[in-house]
Structures are given as structure tokens and as C-alpha cells.
$ cat data00.cif   # mmCIF, C-alpha atoms and all ligand atoms
data_target
#
loop_
_atom_site.label_atom_id
_atom_site.label_comp_id
_atom_site.auth_asym_id
_atom_site.auth_seq_id
_atom_site.Cartn_x
_atom_site.Cartn_y
_atom_site.Cartn_z
CA MET A 1 52.01 60.19 -219.18
CA TYR A 2 53.02 61.79 -215.90
CA LYS A 3 56.70 61.72 -216.91
CA VAL A 4 55.97 63.28 -220.31
CA LEU A 5 53.89 66.03 -218.71
CA LYS A 6 56.58 66.69 -216.14
CA ARG A 7 59.27 66.99 -218.80
CA LYS A 8 57.05 69.30 -220.87
CA LYS A 9 56.45 71.51 -217.82
CA LYS A 10 60.18 71.70 -217.17
CA ILE A 11 60.89 72.72 -220.77
CA MET A 12 58.18 75.38 -220.64
CA LEU A 13 59.58 76.75 -217.40
CA LYS A 14 63.06 76.97 -218.92
CA GLN A 15 61.60 78.81 -221.92
CA LYS A 16 59.83 81.20 -219.58
CA TYR A 17 63.05 81.90 -217.69
CA PHE A 18 64.97 82.32 -220.95
CA LYS A 19 62.53 85.03 -222.07
CA ARG A 20 62.41 86.70 -218.66
CA ASN A 21 66.21 86.69 -218.39
CA GLY A 22 66.62 88.72 -221.55
CA GLY A 23 67.24 85.80 -223.95
CA LEU A 24 65.18 87.41 -226.68
CA LEU A 25 66.98 90.73 -226.21
CA LEU A 26 70.30 88.92 -226.58
CA GLN A 27 69.07 87.07 -229.67
CA GLN A 28 68.00 90.40 -231.16
CA HIS A 29 71.43 91.93 -230.55
CA SER A 30 73.02 88.78 -232.00
CA SER A 31 71.01 89.03 -235.19
CA GLU A 32 71.97 92.71 -235.48
CA GLY A 33 75.60 91.66 -235.23
CA ASN A 34 76.27 93.41 -231.89
CA VAL A 35 77.19 90.23 -230.03
CA LYS A 36 79.88 87.71 -230.86
CA LYS A 37 78.89 84.05 -230.40
CA ILE A 38 78.44 83.37 -226.72
CA LYS A 39 78.31 79.98 -225.04
CA LEU A 40 75.01 79.18 -223.34
CA PHE A 41 75.34 76.92 -220.30
CA THR A 42 72.46 74.79 -219.02
CA SER A 43 71.05 75.27 -215.52
CA LYS A 44 72.15 71.71 -214.69
CA GLU A 45 75.77 72.56 -215.59
CA MET A 46 75.61 75.61 -213.34
CA GLU A 47 74.17 73.66 -210.39
CA LYS A 48 76.84 71.00 -210.77
CA ALA A 49 79.62 73.58 -211.08
CA THR A 50 78.61 75.42 -207.89
CA ASP A 51 77.51 72.36 -205.88
CA HIS A 52 73.94 73.70 -205.93
CA TYR A 53 75.08 77.24 -205.10
CA ASN A 54 76.74 76.08 -201.93
CA GLU A 55 77.47 78.91 -199.49
CA ASN A 56 81.06 77.67 -199.13
CA ARG A 57 81.60 78.52 -202.77
CA ILE A 58 80.75 82.21 -202.43
CA LEU A 59 83.64 84.43 -203.55
CA GLY A 60 81.96 87.74 -202.96
CA GLN A 61 78.79 89.72 -203.16
CA GLY A 62 78.24 92.87 -205.20
CA GLY A 63 75.38 95.18 -206.07
CA GLN A 64 74.45 92.94 -208.99
CA GLY A 65 74.50 89.59 -207.24
CA THR A 66 76.54 86.80 -205.70
CA VAL A 67 79.72 85.38 -207.23
CA TYR A 68 80.50 81.65 -206.74
CA LYS A 69 83.63 79.66 -207.44
CA GLY A 70 82.79 76.73 -209.68
CA MET A 71 84.25 73.86 -211.66
CA LEU A 72 82.95 72.98 -215.12
CA ILE A 73 82.69 69.42 -216.43
CA ASP A 74 86.00 69.83 -218.30
CA GLY A 75 87.71 70.64 -214.97
CA SER A 76 88.22 74.36 -215.59
CA ILE A 77 87.75 76.68 -212.63
CA VAL A 78 85.34 79.54 -213.19
CA ALA A 79 83.61 82.38 -211.35
CA ILE A 80 79.81 82.32 -211.69
CA LYS A 81 77.82 85.47 -211.04
CA LYS A 82 74.22 84.78 -210.00
CA SER A 83 72.27 87.95 -210.62
CA LYS A 84 70.12 89.43 -207.91
CA MET A 85 66.95 89.83 -209.96
CA VAL A 86 64.17 89.05 -207.59
CA GLU A 87 63.56 91.57 -204.83
CA GLY A 88 60.79 90.12 -202.68
CA LYS A 89 58.45 88.76 -205.34
CA LYS A 90 59.17 91.44 -207.94
CA PHE A 91 61.43 90.71 -210.89
CA ASP A 92 63.76 93.64 -211.57
CA GLU A 93 63.73 94.50 -215.29
CA LYS A 94 66.53 97.06 -214.87
CA LYS A 95 68.86 94.35 -213.64
CA VAL A 96 68.06 92.18 -216.69
CA GLU A 97 69.15 95.08 -218.88
CA GLN A 98 72.39 95.45 -216.89
CA PHE A 99 72.99 91.75 -217.18
CA ILE A 100 72.45 91.60 -220.95
CA ASN A 101 74.52 94.77 -221.26
CA GLU A 102 77.47 93.06 -219.59
CA VAL A 103 77.12 90.04 -221.92
CA ILE A 104 77.03 92.25 -225.02
CA ILE A 105 79.99 94.40 -223.94
CA LEU A 106 82.22 91.58 -222.70
CA SER A 107 81.54 89.36 -225.71
CA GLN A 108 83.22 92.02 -227.87
CA ILE A 109 86.34 92.35 -225.73
CA ASN A 110 89.51 90.36 -225.90
CA HIS A 111 92.27 91.96 -223.86
CA ARG A 112 94.73 90.45 -221.41
CA ASN A 113 93.81 93.00 -218.75
CA VAL A 114 90.04 92.56 -219.00
CA VAL A 115 88.31 89.62 -217.32
CA LYS A 116 87.08 87.06 -219.89
CA LEU A 117 83.43 86.10 -220.13
CA LEU A 118 83.14 82.40 -220.96
CA GLY A 119 79.40 82.29 -221.35
CA CYS A 120 76.06 82.69 -219.63
CA CYS A 121 73.02 80.73 -218.55
CA LEU A 122 69.55 82.10 -219.25
CA GLU A 123 67.35 79.10 -218.54
CA ALA A 124 67.79 79.20 -214.75
CA GLU A 125 65.43 81.12 -212.45
CA VAL A 126 67.87 84.06 -212.49
CA PRO A 127 70.50 84.70 -215.18
CA LEU A 128 74.10 83.64 -214.59
CA LEU A 129 77.39 84.87 -216.03
CA VAL A 130 80.43 82.59 -216.28
CA TYR A 131 83.88 84.21 -216.17
CA GLU A 132 87.44 82.95 -216.06
CA PHE A 133 88.42 82.57 -212.41
CA ILE A 134 90.85 85.24 -211.19
CA PRO A 135 92.51 83.85 -208.06
CA ASN A 136 94.13 86.72 -206.17
CA GLY A 137 91.20 88.90 -205.10
CA THR A 138 90.74 92.59 -205.73
CA LEU A 139 93.17 95.51 -205.88
CA TYR A 140 91.12 97.14 -203.10
CA ASP A 141 92.01 94.28 -200.74
CA LEU A 142 95.61 94.03 -201.92
CA ILE A 143 96.24 97.71 -201.19
CA ARG A 144 94.80 97.44 -197.71
CA LYS A 145 95.78 93.97 -196.56
CA GLN A 146 99.49 94.45 -196.86
CA ASN A 147 101.77 91.88 -195.29
CA GLU A 148 105.48 91.11 -195.33
CA GLU A 149 104.97 87.99 -197.42
CA LEU A 150 103.61 89.95 -200.33
CA PRO A 151 104.59 93.60 -200.14
CA LEU A 152 103.00 95.75 -202.80
CA THR A 153 106.23 97.21 -204.16
CA TRP A 154 106.46 100.43 -206.16
CA GLU A 155 107.26 98.38 -209.25
CA MET A 156 104.07 96.33 -208.80
CA ARG A 157 101.98 99.45 -208.20
CA LEU A 158 103.31 101.09 -211.36
CA ARG A 159 102.84 97.90 -213.40
CA ILE A 160 99.25 97.47 -212.16
CA ALA A 161 98.51 101.13 -212.98
CA ILE A 162 99.90 100.60 -216.51
CA GLU A 163 97.79 97.47 -216.98
CA ILE A 164 94.57 99.21 -215.93
CA ALA A 165 95.44 102.19 -218.15
CA ASN A 166 96.11 99.90 -221.12
CA ALA A 167 92.78 98.11 -220.62
CA LEU A 168 90.91 101.43 -220.50
CA PHE A 169 92.79 102.77 -223.51
CA TYR A 170 91.76 99.61 -225.37
CA LEU A 171 88.12 99.96 -224.29
CA HIS A 172 88.04 103.62 -225.29
CA SER A 173 89.67 103.18 -228.65
CA ALA A 174 90.59 99.77 -229.97
CA ALA A 175 87.26 97.97 -229.71
CA SER A 176 84.87 98.29 -232.67
CA ALA A 177 83.01 101.11 -230.88
CA PRO A 178 84.28 102.98 -227.81
CA ILE A 179 83.25 101.40 -224.53
CA TYR A 180 83.09 103.40 -221.33
CA HIS A 181 83.43 101.30 -218.21
CA ARG A 182 81.66 103.82 -215.92
CA ASP A 183 82.51 102.11 -212.64
CA ILE A 184 86.30 102.04 -212.39
CA LYS A 185 87.34 101.44 -208.78
CA SER A 186 89.94 99.31 -207.03
CA SER A 187 87.35 96.68 -206.04
CA ASN A 188 86.58 96.15 -209.74
CA ILE A 189 90.22 95.37 -210.52
CA LEU A 190 90.93 91.67 -210.01
CA LEU A 191 94.42 90.14 -209.75
CA ASP A 192 95.46 86.94 -211.48
CA ASP A 193 98.04 84.35 -210.41
CA LYS A 194 100.89 86.71 -211.37
CA TYR A 195 99.16 89.73 -209.84
CA ARG A 196 98.33 91.13 -213.24
CA ALA A 197 95.33 93.46 -213.31
CA LYS A 198 92.03 92.37 -214.86
CA VAL A 199 89.31 94.99 -215.16
CA SER A 200 85.92 93.47 -214.26
CA ASP A 201 82.26 94.32 -213.63
CA PHE A 202 80.82 95.70 -216.86
CA GLY A 203 77.20 95.88 -215.65
CA THR A 204 77.03 99.66 -215.95
CA SER A 205 79.43 100.06 -218.87
CA ARG A 206 78.22 101.45 -222.18
CA SER A 207 79.17 101.05 -225.79
CA VAL A 208 78.75 104.36 -227.53
CA ALA A 209 77.54 102.62 -230.69
CA LEU A 210 74.74 100.90 -228.76
CA GLU A 211 73.75 103.95 -226.76
CA GLN A 212 73.94 106.47 -229.63
CA THR A 213 74.18 109.25 -227.05
CA HIS A 214 76.27 109.70 -223.93
CA LEU A 215 73.52 111.54 -222.09
CA THR A 216 72.22 109.34 -219.32
CA THR A 217 69.00 109.55 -217.40
CA ARG A 218 70.40 108.08 -214.20
CA VAL A 219 73.80 108.87 -212.72
CA GLU A 220 75.55 105.58 -212.01
CA GLY A 221 78.92 104.84 -210.51
CA THR A 222 80.47 104.63 -207.09
CA PHE A 223 80.76 107.31 -204.46
CA GLY A 224 84.34 108.56 -204.17
CA TYR A 225 85.27 107.60 -207.74
CA MET A 226 82.64 109.48 -209.67
CA ASP A 227 83.57 112.31 -212.01
CA PRO A 228 82.04 115.53 -210.55
CA GLU A 229 81.48 116.87 -214.06
CA TYR A 230 79.38 113.81 -214.97
CA PHE A 231 77.52 114.19 -211.70
CA ARG A 232 76.66 117.77 -212.58
CA THR A 233 75.78 117.34 -216.25
CA ASN A 234 74.65 113.69 -216.60
CA GLN A 235 76.99 113.61 -219.58
CA PHE A 236 79.34 110.67 -219.32
CA THR A 237 82.48 111.03 -221.41
CA GLU A 238 85.66 109.01 -221.79
CA LYS A 239 87.21 111.56 -219.41
CA SER A 240 84.87 110.37 -216.63
CA ASP A 241 86.68 107.00 -216.71
CA VAL A 242 89.95 108.99 -216.65
CA TYR A 243 88.82 110.70 -213.44
CA SER A 244 87.98 107.37 -211.75
CA PHE A 245 91.33 106.01 -212.89
CA GLY A 246 92.97 109.04 -211.23
CA VAL A 247 91.30 108.05 -207.95
CA VAL A 248 92.67 104.48 -208.27
CA LEU A 249 96.10 105.97 -208.97
CA ILE A 250 96.05 107.97 -205.73
CA GLU A 251 94.83 104.88 -203.86
CA LEU A 252 97.96 103.13 -205.15
CA LEU A 253 100.11 106.07 -204.06
CA THR A 254 98.62 106.61 -200.61
CA GLY A 255 97.07 103.23 -199.74
CA GLN A 256 94.01 105.10 -198.49
CA LYS A 257 90.32 104.68 -199.25
CA PRO A 258 88.71 107.23 -201.61
CA ILE A 259 86.25 108.16 -198.90
CA SER A 260 87.18 107.63 -195.29
CA ALA A 261 85.44 108.40 -192.07
CA ASN A 262 85.06 107.17 -188.59
CA GLN A 263 82.44 107.97 -186.02
CA SER A 264 84.31 110.95 -184.57
CA GLU A 265 85.50 112.55 -187.80
CA PRO A 266 83.61 113.97 -190.76
CA VAL A 267 83.86 112.23 -194.13
CA ARG A 268 87.12 112.98 -195.90
CA SER A 269 87.63 112.79 -199.64
CA LEU A 270 90.97 111.36 -200.68
CA VAL A 271 90.95 113.49 -203.84
CA SER A 272 90.71 116.69 -201.85
CA TYR A 273 93.29 115.50 -199.31
CA PHE A 274 95.68 114.57 -202.13
CA LEU A 275 95.24 117.88 -203.98
CA HIS A 276 95.81 119.82 -200.76
CA SER A 277 99.01 117.96 -200.09
CA MET A 278 100.22 118.56 -203.66
CA GLN A 279 99.56 122.25 -203.28
CA GLU A 280 101.33 122.45 -199.96
CA ASN A 281 104.30 120.46 -201.21
CA SER A 282 103.66 117.82 -198.59
CA LEU A 283 102.80 114.91 -200.86
CA PHE A 284 105.43 112.68 -199.27
CA LYS A 285 103.68 112.97 -195.89
CA ILE A 286 100.54 111.27 -197.18
CA LEU A 287 102.13 108.55 -199.31
CA ASN A 288 101.99 104.92 -198.32
CA PRO A 289 105.19 104.11 -196.32
CA MET A 290 106.00 101.27 -198.74
CA VAL A 291 105.88 103.72 -201.67
CA VAL A 292 108.20 106.17 -199.91
CA LYS A 293 110.63 103.41 -198.96
CA ASP A 294 110.61 101.62 -202.26
CA GLY A 295 109.89 104.12 -205.04
CA PRO A 296 112.30 106.57 -206.65
CA GLU A 297 111.28 110.08 -205.62
CA GLN A 298 111.18 111.45 -209.13
CA GLU A 299 109.02 108.60 -210.42
CA ILE A 300 106.56 109.04 -207.57
CA MET A 301 106.35 112.76 -208.23
CA VAL A 302 105.66 112.33 -211.94
CA VAL A 303 102.95 109.74 -211.25
CA ALA A 304 101.38 112.09 -208.67
CA LEU A 305 101.38 114.93 -211.23
CA LEU A 306 99.71 112.65 -213.75
CA ALA A 307 97.07 111.66 -211.15
CA LYS A 308 96.43 115.35 -210.50
CA ARG A 309 95.77 115.95 -214.19
CA CYS A 310 93.37 112.98 -214.30
CA LEU A 311 91.45 114.57 -211.43
CA ASN A 312 91.04 117.98 -213.04
CA LEU A 313 87.48 119.21 -212.54
CA ASN A 314 87.35 120.14 -216.19
CA GLY A 315 87.16 116.92 -218.21
CA LYS A 316 88.67 118.60 -221.28
CA LYS A 317 91.86 119.32 -219.35
CA ARG A 318 92.29 115.69 -218.32
CA PRO A 319 94.56 113.53 -220.45
CA THR A 320 93.05 110.73 -222.56
CA MET A 321 93.61 107.13 -221.46
CA LYS A 322 95.99 106.81 -224.41
CA GLN A 323 98.13 109.65 -223.02
CA VAL A 324 97.91 108.22 -219.51
CA ALA A 325 98.98 104.73 -220.64
CA MET A 326 101.85 106.13 -222.73
CA GLU A 327 103.09 108.43 -219.97
CA LEU A 328 103.03 105.65 -217.39
CA GLU A 329 104.98 103.37 -219.75
CA MET A 330 107.50 106.19 -220.27
CA ILE A 331 107.83 106.79 -216.55
CA LYS A 332 108.52 103.09 -216.04
CA ALA A 333 111.05 102.97 -218.85
CA SER A 334 112.87 106.18 -217.97
CA GLY A 335 112.74 105.94 -214.18
CA GLY A 336 110.86 109.22 -213.92
CA THR A 337 113.51 111.34 -215.62
CA VAL A 338 110.99 112.38 -218.26
CA ILE A 339 108.90 115.06 -216.64
CA GLU A 340 106.01 115.74 -218.91
CA ASP A 341 104.46 119.10 -219.62
CA CYS A 342 101.78 118.82 -216.99
CA GLY A 343 100.16 122.24 -217.21
CA ASP A 344 100.85 122.59 -213.52
CA GLU A 345 99.61 126.12 -212.97
CA GLU A 346 99.02 126.91 -209.33
CA SER A 347 95.75 128.66 -210.12
CA GLU A 348 94.35 125.50 -211.68
CA ILE A 349 95.02 123.36 -208.64
CA ASP A 350 93.67 126.15 -206.45
CA ASP A 351 90.41 126.08 -208.42
CA MET A 352 90.13 122.32 -208.07
CA ILE A 353 90.63 122.33 -204.32
CA HIS A 354 88.39 125.32 -203.88
CA SER A 355 85.56 123.57 -205.69
CA TRP A 356 86.00 120.44 -203.64
CA ASP A 357 86.19 122.12 -200.29
CA THR A 358 84.27 125.30 -200.07
CA ASN A 359 81.71 125.54 -202.77
CA PRO A 360 80.26 122.19 -203.69
CA SER A 361 77.09 123.74 -205.03
CA SER A 362 78.86 125.73 -207.73
CA SER A 363 81.01 122.88 -208.98
CA MET A 364 78.39 120.21 -208.45
CA SER A 365 74.74 120.95 -208.59
CA ARG A 366 73.85 118.00 -206.37
CA THR A 367 75.34 116.80 -203.12
CA ILE A 368 78.88 115.55 -203.61
CA PRO A 369 81.57 114.54 -201.13
CA THR A 370 83.29 117.42 -199.42
CA ASP A 371 85.25 117.48 -196.22
CA SER A 372 82.36 118.95 -194.33
CA VAL A 373 79.43 116.82 -195.40
CA THR A 374 78.54 113.46 -193.94
CA PHE A 375 77.47 110.71 -196.31
CA PRO A 376 76.48 107.08 -195.95
CA LEU A 377 79.74 105.34 -196.77
CA ASN A 378 78.48 102.59 -198.99
CA SER A 379 76.18 104.64 -201.17
CA SER A 380 76.45 104.02 -204.87
CA PHE A 381 74.72 106.55 -207.09
N1 LIG A 401 86.17 86.44 -212.33
C1 LIG A 401 86.30 86.42 -211.01
N2 LIG A 401 87.21 85.61 -210.41
C2 LIG A 401 87.33 85.59 -209.07
N3 LIG A 401 86.59 86.33 -208.22
C3 LIG A 401 85.67 87.14 -208.74
C4 LIG A 401 85.47 87.24 -210.16
N4 LIG A 401 84.49 88.14 -210.38
C5 LIG A 401 84.11 88.60 -209.18
N5 LIG A 401 84.80 88.00 -208.19
C6 LIG A 401 84.65 88.24 -206.73
O1 LIG A 401 83.30 88.51 -206.44
C7 LIG A 401 83.17 89.78 -205.79
C8 LIG A 401 81.90 90.45 -206.23
O2 LIG A 401 82.03 90.83 -207.56
P1 LIG A 401 81.03 91.82 -208.32
O3 LIG A 401 81.68 92.24 -209.58
O4 LIG A 401 79.70 91.17 -208.43
O5 LIG A 401 80.75 92.94 -207.29
P2 LIG A 401 81.55 94.23 -206.79
O6 LIG A 401 82.40 94.78 -207.89
O7 LIG A 401 82.27 93.90 -205.52
O8 LIG A 401 80.35 95.18 -206.43
P3 LIG A 401 79.40 96.05 -207.38
O9 LIG A 401 78.82 95.15 -208.43
O10 LIG A 401 78.37 96.55 -206.43
O11 LIG A 401 80.26 97.12 -207.96
C9 LIG A 401 84.45 90.54 -206.15
O12 LIG A 401 84.78 91.47 -205.21
C10 LIG A 401 85.47 89.41 -206.25
O13 LIG A 401 85.98 89.13 -204.96
#

$ encode --input "data00.cif" --output "C-alpha cells"
Amino acid sequence: MYKVLKRKKKIMLKQKYFKRNGGLLLQQHSSEGNVKKIKLFTSKEMEKATDHYNENRILGQGGQGTVYKGMLIDGSIVAIKKSKMVEGKKFDEKKVEQFINEVIILSQINHRNVVKLLGCCLEAEVPLLVYEFIPNGTLYDLIRKQNEELPLTWEMRLRIAIEIANALFYLHSAASAPIYHRDIKSSNILLDDKYRAKVSDFGTSRSVALEQTHLTTRVEGTFGYMDPEYFRTNQFTEKSDVYSFGVVLIELLTGQKPISANQSEPVRSLVSYFLHSMQENSLFKILNPMVVKDGPEQEIMVVALLAKRCLNLNGKKRPTMKQVAMELEMIKASGGTVIEDCGDEESEIDDMIHSWDTNPSSSMSRTIPTDSVTFPLNSSF
């Protein structure tokens, strides 16, 4: 009798968790045909895979939760994201939405440069996502932790940029409805065993078909990568991802963080620094030494011009991800001899720098990084 009651209680608890973790929401989307079949793991499988969420298995921690390295019963190595749903005693409904959103979006995607979702678990106390394991860390770390054993050559940088661009082009166009990632940054680009790029972290991404409208109520994204036009208007467009991609491109060129500061200096925006140097014809002074040593001058210049166009304050003037991917492929194939028509009017670049540096309130109605304003470094809007 006791055993039966205990088992019944356990089943009821699992059902409660399933509901609370957005299981019904997922079922609803499934029945509407928005979600491809997704594998549901049991909580027992997840505990076994992570050795009861052993601290030694932690791969990293993000805004959404903790990521563990795990091994499934069939021996495959996976990354398991345990969502951070419970703050104190309160269960965060917003995070459930983000979680289900990631499941819905990733279940529709099959691209070699996007991290694969293998399944999820909804019957545990907090929901869990199971991804393929990507062994070589993030692009953010690779750019900064350079060593002689694995130098990040110009060829690798260009290839990684092409892979990210191809993934974004696919998301924007090839999937059944356009998907905007909305949080493109180097720490969301993972690197596989061959150092191929895999775009990850789709918690804040949106499918236009699901959303119906691009107007958002809450500006989301990461400080330093966020499109100023989106920040001003709340209107996220495909060009906002293009802007963030432009920031990643200049990280690859310069090796510097998008926002940098130390105690003695004010916060500096890499975008503004980069645009200044382009205007003053001193780009080569701010490039990463490896890039200067290793990359053909003409190729570097064309990539820098492309990055500048991605960072245009006016979204309409930015290229699409299709154009970006094609141009990068052409640069790689031609060795930079193809200089595209980049609309490189001096006045345009002047406007961009001016807005960044001197008049943040006219270009951005809310506070946005400028050289003269101090911000908490890890803030995510
Ligand atoms: N599929 C994966 N394979 C290997 N490691 C992973 C995988 N997914 C995530 N990680 C690791 O876990 C860390 C945290 O990932 P997560 O996507 O939760 O957060 P984040 O992108 O760092 O932060 P935020 O969610 O706040 O943007 C990553 O930086 C990475 O080191």
C-alpha cells in the first residue's frame, strides 16, 4: 500500500512538473504543427547522464541556467542545460516561455553551423535541454586565449565568419518562417572538433511566423552587440542580427571585446573605436597582430569595409545576411581582389561616428554605450 501510494505521488509530481515546465504549451504547438517531433528524456536519464548534476560536470553558466556535460545510456556525449527557473521560492514564468521558445525554434532547424537540439526533459523540477556536445568552447574564448599551439589564423577567422554568416542566412531565409536569433555574440558561437562554428543559445530568438509582429515589448540582447536602431524603436528586424554579426566580425579582426573598460578608463565601445580608425585610415593599427601578420592586406580591408556596412546606424543600409555570406565567400575565393561597391561615402561614416560619440540621445532615445558613459560591464538588456 505504501509503495503504491509512493509511486502514485511520484507520478503526480512528474505530471505537475511537466505542466509547470511548459509541457502543455509544447503539446499545443505540436498539435498546431509548429514543432517537429522532439525526444522527451526522463528525469532519471538526466540524473544518470550528469552524475546527479555533479559540479565537476559544469561546462558553463549563462543567464538562462547551468550547462552540464553528460553521457547518455547509448554512450553519446551531450550538453545538458538546466534552466534557472526558481528564483528564491518563485517560479519564473518568463523563463518557461524562453525555454519552450528555444525548443520550438531549434526543433525546426537542421544546419551544420547551428547547434543541434537532441531533446528535452520536462518532468524534472526544472526543465532541461539536451544538445549535441560541442567540444572546443566559445569563439569569445578562442579569440582571447590565443596561444602558439593553436593560432587563430586569418584563414580560420574568415572561415568562421563565413560559417556564422551562412547559419544566419539560413535562419533568416531558408527555414519555413524567418527566424531572428536576437543575441548574436562571440560567446554564443561554439566550436566543434574541427573548429567549425555552431550558433547556439536560441532562448531569445523569434520565429516571425510565431510572433506575427516584430514589435517587442522588452528590448533583449547583449550590451555591446545590440542594434542601436532596435534599441531606439523596439522594432527588431533581420538587420539587427546583421548589426550584431558586424560586431563579431570586428572582434575577429581586432581581437578586442565589444565593450572594454578598466577602473581608470571610461567604457570604450569597439564599434566606435573601429569606425574612428576606418575614418582616419589607421585600421591596421587596431587589428589583431596575428591578422596583420597572417592576412593579405586587401582581404582584410574588404572584410573591414563589409563590417562597417553591417554596423551602419540605418538598418536599411546594412546588407542582408545573404549578401554578407556571399561577399565573404567571394572574398575567400578571390583573395580580396573583388572590392565590392560598398557605398563608402565619407559623410555616412561621419554620421555613424558622430551618433556614437557625441549625441547618443538623438541616435538612441535611451542610454547606449558611448565613449563617455560608464556602464556596468555585464549588463544584458
Ligand atoms: N552544446 C554545447 N556543447 C558544449 N558546451 C556548451 C554547449 N552549450 C553551452 N555550452 C557551454 O555552456 C556555457 C553557457 O551556455 P549558455 O548558452 O547557457 O549561456 P551563455 O551564452 O554563456 O550566456 P547567456 O545565456 O546569458 O547568453 C557556454 O558558454 C558554453 O561554454

$ residues_near_ligand --input "data00.cif" --ligand "ligand LIG 401 (chain A)" --cutoff "8 Å" --atoms "all atoms listed in the file" --output "VMD selection string"
chain A and resid 58 to 69 78 to 81 115 to 116 130 to 138 183 187 to 188 190 200 to 201 203 222 380

$ atom_distance --input "data00.cif" --atom1 "CA of Lys14 in chain A" --atom2 "CA of His52 in chain A"
17.3 Å

$ closest_atom_pairs --input "data00.cif" --of "range 134-248 of chain A" --to "range 302-305 of chain A" --cutoff "10 Å" --atoms "all atoms listed in the file" --output "tab-separated table"
residue	atom	partner	partner_atom	distance
A:Leu158	CA	A:Val303	CA	8.7
A:Ala161	CA	A:Val303	CA	9.8
A:Gly246	CA	A:Ala304	CA	9.3

$ atom_distance --input "data00.cif" --atom1 "CA of Ile189 in chain A" --atom2 "CA of Leu129 in chain A"
17.5 Å

$ atom_distance --input "data00.cif" --atom1 "CA of Leu328 in chain A" --atom2 "CA of Ser269 in chain A"
24.6 Å

$ decode --input "data00.cif" --residues "range 144-157 of chain A" --atoms "N, CA and C atoms" --output "PDB file, in the first residue's frame"
ATOM      1  N   ARG A 144      40.316  35.342 -27.455  1.00  0.00           N
ATOM      2  CA  ARG A 144      41.115  35.956 -26.386  1.00  0.00           C
ATOM      3  C   ARG A 144      42.212  35.083 -25.808  1.00  0.00           C
ATOM      4  N   LYS A 145      41.989  33.764 -25.821  1.00  0.00           N
ATOM      5  CA  LYS A 145      43.017  32.894 -25.232  1.00  0.00           C
ATOM      6  C   LYS A 145      43.892  32.317 -26.328  1.00  0.00           C
ATOM      7  N   GLN A 146      44.571  33.211 -27.016  1.00  0.00           N
ATOM      8  CA  GLN A 146      45.422  32.767 -28.107  1.00  0.00           C
ATOM      9  C   GLN A 146      46.729  32.175 -27.594  1.00  0.00           C
ATOM     10  N   ASN A 147      47.132  31.061 -28.177  1.00  0.00           N
ATOM     11  CA  ASN A 147      48.441  30.511 -27.832  1.00  0.00           C
ATOM     12  C   ASN A 147      49.137  29.999 -29.100  1.00  0.00           C
ATOM     13  N   GLU A 148      50.414  29.675 -28.950  1.00  0.00           N
ATOM     14  CA  GLU A 148      51.168  29.279 -30.152  1.00  0.00           C
ATOM     15  C   GLU A 148      50.714  27.929 -30.691  1.00  0.00           C
ATOM     16  N   GLU A 149      50.176  27.094 -29.797  1.00  0.00           N
ATOM     17  CA  GLU A 149      49.736  25.766 -30.228  1.00  0.00           C
ATOM     18  C   GLU A 149      48.587  25.857 -31.227  1.00  0.00           C
ATOM     19  N   LEU A 150      47.663  26.766 -30.928  1.00  0.00           N
ATOM     20  CA  LEU A 150      46.529  26.919 -31.837  1.00  0.00           C
ATOM     21  C   LEU A 150      46.334  28.386 -32.198  1.00  0.00           C
ATOM     22  N   PRO A 151      47.139  28.895 -33.113  1.00  0.00           N
ATOM     23  CA  PRO A 151      46.944  30.296 -33.501  1.00  0.00           C
ATOM     24  C   PRO A 151      45.681  30.430 -34.340  1.00  0.00           C
ATOM     25  N   LEU A 152      44.946  31.495 -34.074  1.00  0.00           N
ATOM     26  CA  LEU A 152      43.722  31.737 -34.845  1.00  0.00           C
ATOM     27  C   LEU A 152      44.133  32.481 -36.121  1.00  0.00           C
ATOM     28  N   THR A 153      44.417  31.700 -37.156  1.00  0.00           N
ATOM     29  CA  THR A 153      44.941  32.276 -38.398  1.00  0.00           C
ATOM     30  C   THR A 153      43.876  33.099 -39.112  1.00  0.00           C
ATOM     31  N   TRP A 154      44.304  33.886 -40.074  1.00  0.00           N
ATOM     32  CA  TRP A 154      43.368  34.683 -40.869  1.00  0.00           C
ATOM     33  C   TRP A 154      42.384  33.764 -41.597  1.00  0.00           C
ATOM     34  N   GLU A 155      42.907  32.670 -42.106  1.00  0.00           N
ATOM     35  CA  GLU A 155      42.063  31.716 -42.838  1.00  0.00           C
ATOM     36  C   GLU A 155      40.944  31.179 -41.928  1.00  0.00           C
ATOM     37  N   MET A 156      41.320  30.843 -40.683  1.00  0.00           N
ATOM     38  CA  MET A 156      40.313  30.338 -39.728  1.00  0.00           C
ATOM     39  C   MET A 156      39.283  31.414 -39.407  1.00  0.00           C
ATOM     40  N   ARG A 157      39.774  32.636 -39.209  1.00  0.00           N
ATOM     41  CA  ARG A 157      38.856  33.741 -38.870  1.00  0.00           C
ATOM     42  C   ARG A 157      37.832  33.940 -39.988  1.00  0.00           C
TER      43      ARG A 157
END
